[in-house]
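Structure file model-v5.cif; described as mmCIF, C-alpha atoms.
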```cif
data_structure
#
loop_
_atom_site.group_PDB
_atom_site.id
_atom_site.type_symbol
_atom_site.label_atom_id
_atom_site.label_comp_id
_atom_site.auth_asym_id
_atom_site.auth_seq_id
_atom_site.Cartn_x
_atom_site.Cartn_y
_atom_site.Cartn_z
ATOM 1 C CA MET A 1 267.248 69.109 9.896
ATOM 2 C CA GLU A 2 263.823 67.518 9.897
ATOM 3 C CA ASP A 3 262.310 65.675 6.938
ATOM 4 C CA ALA A 4 262.476 68.173 4.099
ATOM 5 C CA ALA A 5 260.087 66.443 1.730
ATOM 6 C CA ALA A 6 257.115 68.506 2.847
ATOM 7 C CA CYS A 7 257.398 72.083 4.018
ATOM 8 C CA GLY A 8 253.817 72.434 5.243
ATOM 9 C CA ASP A 9 252.920 76.096 5.744
ATOM 10 C CA LEU A 10 256.508 77.240 5.284
ATOM 11 C CA SER A 11 257.748 79.193 2.288
ATOM 12 C CA VAL A 12 259.947 77.328 -0.192
ATOM 13 C CA ILE A 13 262.699 78.389 -2.578
ATOM 14 C CA TYR A 14 265.103 76.261 -4.617
ATOM 15 C CA LEU A 15 268.654 77.529 -5.111
ATOM 16 C CA ALA A 16 271.333 76.094 -7.374
ATOM 17 C CA GLY A 17 274.875 77.316 -6.853
ATOM 18 C CA GLY A 18 277.512 74.775 -7.754
ATOM 19 C CA CYS A 19 278.001 71.755 -5.511
ATOM 20 C CA PHE A 20 274.989 71.471 -3.243
ATOM 21 C CA TRP A 21 276.971 70.397 -0.154
ATOM 22 C CA GLY A 22 278.228 73.902 0.653
ATOM 23 C CA LEU A 23 275.019 75.654 -0.313
ATOM 24 C CA GLU A 24 273.030 73.376 1.976
ATOM 25 C CA LYS A 25 275.462 74.082 4.833
ATOM 26 C CA VAL A 26 275.164 77.858 4.340
ATOM 27 C CA PHE A 27 271.375 77.870 4.452
ATOM 28 C CA SER A 28 271.082 75.370 7.296
ATOM 29 C CA MET A 29 272.913 77.917 9.506
ATOM 30 C CA ILE A 30 270.452 80.762 8.902
ATOM 31 C CA PRO A 31 267.844 81.434 11.603
ATOM 32 C CA GLY A 32 264.387 81.093 10.089
ATOM 33 C CA VAL A 33 265.443 78.329 7.703
ATOM 34 C CA ILE A 34 263.631 75.297 9.063
ATOM 35 C CA ARG A 35 264.668 72.587 6.597
ATOM 36 C CA THR A 36 267.127 72.104 3.764
ATOM 37 C CA GLU A 37 267.440 69.257 1.304
ATOM 38 C CA CYS A 38 269.944 68.540 -1.462
ATOM 39 C CA GLY A 39 268.362 67.526 -4.735
ATOM 40 C CA TYR A 40 268.291 67.735 -8.499
ATOM 41 C CA ALA A 41 266.140 70.234 -10.377
ATOM 42 C CA ASN A 42 264.951 71.289 -13.805
ATOM 43 C CA GLY A 43 266.221 68.447 -15.913
ATOM 44 C CA TYR A 44 264.426 65.860 -18.000
ATOM 45 C CA SER A 45 261.365 64.798 -16.064
ATOM 46 C CA CYS A 46 261.060 61.414 -17.778
ATOM 47 C CA MET A 47 263.586 59.880 -15.376
ATOM 48 C CA VAL A 48 264.386 59.944 -11.665
ATOM 49 C CA PRO A 49 267.960 61.234 -11.550
ATOM 50 C CA ASN A 50 270.772 60.089 -9.318
ATOM 51 C CA TYR A 51 274.209 61.544 -8.700
ATOM 52 C CA ILE A 52 275.796 59.578 -11.560
ATOM 53 C CA THR A 53 273.230 60.615 -14.178
ATOM 54 C CA VAL A 54 273.274 64.239 -12.997
ATOM 55 C CA CYS A 55 277.089 64.375 -13.130
ATOM 56 C CA SER A 56 276.990 63.092 -16.691
ATOM 57 C CA GLY A 57 275.421 66.428 -17.651
ATOM 58 C CA LYS A 58 273.315 64.668 -20.284
ATOM 59 C CA PHE A 59 269.914 65.115 -18.651
ATOM 60 C CA GLY A 60 269.924 68.810 -17.719
ATOM 61 C CA HIS A 61 269.486 68.599 -13.952
ATOM 62 C CA CYS A 62 271.374 70.933 -11.638
ATOM 63 C CA GLU A 63 272.442 70.332 -8.069
ATOM 64 C CA THR A 64 269.903 72.322 -6.043
ATOM 65 C CA VAL A 65 269.024 72.984 -2.425
ATOM 66 C CA LYS A 66 265.379 73.037 -1.394
ATOM 67 C CA ILE A 67 264.974 75.586 1.393
ATOM 68 C CA CYS A 68 261.905 75.614 3.655
ATOM 69 C CA TYR A 69 261.802 78.826 5.659
ATOM 70 C CA ASP A 70 259.570 80.887 7.905
ATOM 71 C CA GLN A 71 259.127 84.193 6.111
ATOM 72 C CA LYS A 72 258.175 85.830 9.424
ATOM 73 C CA ALA A 73 261.718 85.075 10.641
ATOM 74 C CA VAL A 74 263.717 85.609 7.442
ATOM 75 C CA SER A 75 262.725 87.161 4.122
ATOM 76 C CA LEU A 76 263.397 85.726 0.716
ATOM 77 C CA GLU A 77 265.465 88.819 -0.046
ATOM 78 C CA ARG A 78 267.761 88.091 2.940
ATOM 79 C CA LEU A 79 268.163 84.508 1.746
ATOM 80 C CA LEU A 80 269.089 85.824 -1.695
ATOM 81 C CA ASP A 81 271.617 88.180 -0.056
ATOM 82 C CA ALA A 82 273.340 85.097 1.352
ATOM 83 C CA PHE A 83 273.028 83.241 -1.952
ATOM 84 C CA PHE A 84 274.779 85.972 -3.919
ATOM 85 C CA MET A 85 277.507 86.131 -1.275
ATOM 86 C CA VAL A 86 278.540 82.540 -2.049
ATOM 87 C CA ILE A 87 278.021 82.264 -5.811
ATOM 88 C CA ASP A 88 279.556 84.012 -8.789
ATOM 89 C CA PRO A 89 276.703 84.805 -11.199
ATOM 90 C CA THR A 90 279.180 85.703 -13.961
ATOM 91 C CA LEU A 91 280.236 82.066 -14.416
ATOM 92 C CA LEU A 92 278.337 79.885 -16.861
ATOM 93 C CA ASN A 93 277.866 76.269 -15.759
ATOM 94 C CA ARG A 94 280.519 76.351 -13.050
ATOM 95 C CA GLN A 95 281.329 77.433 -9.527
ATOM 96 C CA GLY A 96 284.764 76.964 -7.967
ATOM 97 C CA ASN A 97 286.384 73.845 -9.402
ATOM 98 C CA ASP A 98 283.021 72.352 -10.372
ATOM 99 C CA ARG A 99 282.287 72.421 -14.088
ATOM 100 C CA GLY A 100 279.239 71.338 -16.070
ATOM 101 C CA VAL A 101 275.573 72.148 -16.599
ATOM 102 C CA GLN A 102 274.785 70.464 -13.259
ATOM 103 C CA TYR A 103 276.719 73.254 -11.477
ATOM 104 C CA ARG A 104 274.863 76.198 -13.016
ATOM 105 C CA THR A 105 273.383 78.822 -10.742
ATOM 106 C CA GLY A 106 269.661 79.288 -10.494
ATOM 107 C CA ILE A 107 266.715 80.453 -8.434
ATOM 108 C CA TYR A 108 263.508 78.447 -8.797
ATOM 109 C CA TRP A 109 260.108 78.822 -7.166
ATOM 110 C CA GLU A 110 256.744 77.121 -6.860
ATOM 111 C CA ASP A 111 254.519 80.152 -6.221
ATOM 112 C CA SER A 112 254.038 83.473 -8.002
ATOM 113 C CA ASP A 113 254.739 85.605 -4.906
ATOM 114 C CA SER A 114 258.212 84.056 -4.536
ATOM 115 C CA GLY A 115 258.680 84.458 -8.278
ATOM 116 C CA ARG A 116 257.904 88.171 -8.197
ATOM 117 C CA LYS A 117 260.253 88.740 -5.261
ATOM 118 C CA ALA A 118 263.063 86.696 -6.812
ATOM 119 C CA GLU A 119 262.737 88.383 -10.222
ATOM 120 C CA ALA A 120 262.794 91.867 -8.647
ATOM 121 C CA TYR A 121 265.848 90.966 -6.583
ATOM 122 C CA VAL A 122 267.682 89.505 -9.573
ATOM 123 C CA GLU A 123 266.914 92.521 -11.781
ATOM 124 C CA ASN A 124 268.737 94.721 -9.272
ATOM 125 C CA GLU A 125 271.575 92.222 -8.910
ATOM 126 C CA ARG A 126 271.974 91.848 -12.682
ATOM 127 C CA LYS A 127 272.808 95.580 -12.994
ATOM 128 C CA ARG A 128 276.020 95.034 -11.035
ATOM 129 C CA TYR A 129 277.589 92.764 -13.684
ATOM 130 C CA ASN A 130 278.508 92.891 -17.364
ATOM 131 C CA GLU A 131 277.695 89.187 -17.676
ATOM 132 C CA PHE A 132 275.068 87.411 -15.606
ATOM 133 C CA PHE A 133 274.255 83.705 -15.939
ATOM 134 C CA THR A 134 272.083 82.916 -12.914
ATOM 135 C CA GLU A 135 268.847 81.563 -14.330
ATOM 136 C CA THR A 136 265.491 82.252 -12.732
ATOM 137 C CA GLY A 137 262.116 80.696 -13.244
ATOM 138 C CA PRO A 138 259.415 78.441 -11.938
ATOM 139 C CA LEU A 139 260.538 75.037 -10.737
ATOM 140 C CA ALA A 140 260.002 72.502 -13.514
ATOM 141 C CA ASN A 141 260.828 69.449 -11.411
ATOM 142 C CA TYR A 142 262.780 68.439 -8.333
ATOM 143 C CA PHE A 143 264.045 65.129 -7.004
ATOM 144 C CA PRO A 144 265.690 64.648 -3.587
ATOM 145 C CA ALA A 145 269.330 63.573 -3.758
ATOM 146 C CA GLU A 146 270.541 60.359 -2.192
ATOM 147 C CA GLU A 147 270.750 60.269 1.618
ATOM 148 C CA LYS A 148 274.572 60.393 1.600
ATOM 149 C CA HIS A 149 274.382 63.948 0.192
ATOM 150 C CA GLN A 150 272.059 65.277 2.919
ATOM 151 C CA GLY A 151 273.959 67.225 5.584
ATOM 152 C CA TYR A 152 277.217 66.123 3.978
ATOM 153 C CA LEU A 153 279.436 68.867 5.428
ATOM 154 C CA ASP A 154 277.983 68.331 8.904
ATOM 155 C CA ARG A 155 279.167 64.720 8.748
ATOM 156 C CA ASN A 156 282.369 65.582 6.843
ATOM 157 C CA PRO A 157 283.495 69.021 8.092
ATOM 158 C CA GLU A 158 286.721 68.851 6.084
ATOM 159 C CA GLY A 159 284.906 67.646 2.947
ATOM 160 C CA TYR A 160 285.191 69.385 -0.402
ATOM 161 C CA CYS A 161 283.408 72.701 -0.734
ATOM 162 C CA HIS A 162 283.814 75.389 -3.386
ATOM 163 C CA ILE A 163 282.618 77.995 -0.883
ATOM 164 C CA PRO A 164 285.546 79.363 1.162
ATOM 165 C CA ARG A 165 285.221 78.438 4.857
ATOM 166 C CA GLU A 166 285.413 82.112 5.877
ATOM 167 C CA GLU A 167 282.144 82.706 3.981
ATOM 168 C CA PHE A 168 280.339 80.369 6.384
ATOM 169 C CA GLU A 169 281.516 82.508 9.297
ATOM 170 C CA ARG A 170 280.674 85.732 7.471
ATOM 171 C CA ILE A 171 277.118 84.556 6.826
ATOM 172 C CA ARG A 172 276.758 83.264 10.389
ATOM 173 C CA ASN A 173 277.772 86.732 11.639
ATOM 174 C CA MET A 174 275.500 88.488 9.151
ATOM 175 C CA PHE A 175 272.458 86.652 10.484
ATOM 176 C CA SER A 176 273.418 86.691 14.156
ATOM 177 C CA GLY A 177 274.141 90.407 14.170
ATOM 178 C CA GLY A 178 277.831 89.756 14.923
#
```

Using structure tokens, write down the structure that the file contains.
Amino acid sequence: MEDAAACGDLSVIYLAGGCFWGLEKVFSMIPGVIRTECGYANGYSCMVPNYITVCSGKFGHCETVKICYDQKAVSLERLLDAFFMVIDPTLLNRQGNDRGVQYRTGIYWEDSDSGRKAEAYVENERKRYNEFFTETGPLANYFPAEEKHQGYLDRNPEGYCHIPREEFERIRNMFSGG
């Protein structure tokens, strides 16, 4: 992926869904997603977080993937379809074996149009569950994660991931028409 710091004219959404390694891999495979970046979102803004401080759970950040996408090629709703395929919104502060506030699920946006679309999508999704813990809201803050976390599963294909490997193939097929 190219430098994800600036998305230019692309649309942007921030998704938190447990460990960011697998989530980044999922979205990097989707046609229309131009850039992905692992980072830390919506914690205390008085400090620049790193993996150690985020894992402590003391500063409120969650592992998040910044997704820059071309909305002419893929809609936000389709991205959220993929997101809800790989997370369990009924789990509070955990996904897979990952536990802690840093592994909560969330959908965050920078612009009101994305916010309206995300909120409408989530309202429909919420009806499917008795409990629903995926938070939604405007992005409060975001900090890129260290370089070693970027594209981690591309460099370490057998690395840890809470998302079952067959889900990667299922999503690949969903977006390729296979």

Would you list the residues near (258.6, 85.8, 8.1), meaning any protein, DNA or RNA residue with an atom at most 12 Å from that point in file coordinates, counting all atoms listed in the file, as a PyMOL selection string?
chain A and resi 9-12+31-34+68-79

Counting only C-alpha atoms, note down every residue that has an atom within 12 Å of the point (280.9, 73.6, 14.1) (file coordinates), as a compact mmCIF listing (two decimals) with C-alpha atoms, keeping the file's coordinate frame.
```txt
# COMPACT_ATOMS: atom_id res chain seq x y z
CA LYS A 25 275.46 74.08 4.83
CA MET A 29 272.91 77.92 9.51
CA LEU A 153 279.44 68.87 5.43
CA ASP A 154 277.98 68.33 8.90
CA ARG A 155 279.17 64.72 8.75
CA ASN A 156 282.37 65.58 6.84
CA PRO A 157 283.50 69.02 8.09
CA GLU A 158 286.72 68.85 6.08
CA ARG A 165 285.22 78.44 4.86
CA PHE A 168 280.34 80.37 6.38
CA GLU A 169 281.52 82.51 9.30
CA ARG A 172 276.76 83.26 10.39
```

Taking 6 positions as the minimum chain separation for residues in the same chain, which residues sit within 7 Å of stretch 93-108 of chain A when counting only C-alpha atoms? Answer as a PyMOL selection string.
chain A and resi 13-19+54-55+57+60-63+87+134-139+162

Write out as a list in words which residues come within 12 Å of A:Tyr51 when counting all atoms listed in the file, dropping same-chain ones fewer than 6 positions away.
Cys19, Phe20, Cys38, Gly39, Tyr40, Ala41, Gly57, Phe59, His61, Cys62, Glu63, Thr64, Gln102, Phe143, Pro144, Ala145, Glu146, Glu147, Lys148 and His149 of chain A

Skipping near chain neighbours, those fewer than 6 positions away, what residues fall within 10 Å of A:Thr90 using all atoms listed in the file, listed as a ChimeraX atom specification?
/A:105,126,129-134

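Note that atom CA of A:Cys161 and atom CA of A:Gly115 are 28.4 Å apart.
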
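Taking atom CA of A:Asp113 as the reference point, atom CA of A:Gly43 is found at 23.4 Å.
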
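Put simply, atom CA of A:Leu91 is 14.3 Å away from atom CA of A:Ile163.
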
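Counting only C-alpha atoms, the residue from A:Leu92, A:Val86, A:Asn124, A:Tyr142 that sits nearest to A:Met47 is A:Tyr142.
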
Rank nothing, just name the residue among A:Asn141, A:Asn50, A:Gly177, A:Met85 nearest to A:Pro164, using all atoms listed in the file.
A:Met85

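Using only C-alpha atoms, the shortest contact distance between A:Phe27 and any of A:Pro49, A:Glu166, A:Glu123, A:Gly151 is found at A:Gly151.
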
Pick out the residues sitting within 10 Å of A:Glu125, and hand them over as an MDAnalysis selection string; count only C-alpha atoms, and ignore anything fewer than 4 positions along from it in its own chain.
chainID A and resid 80:81 84 89 119:121 129 132
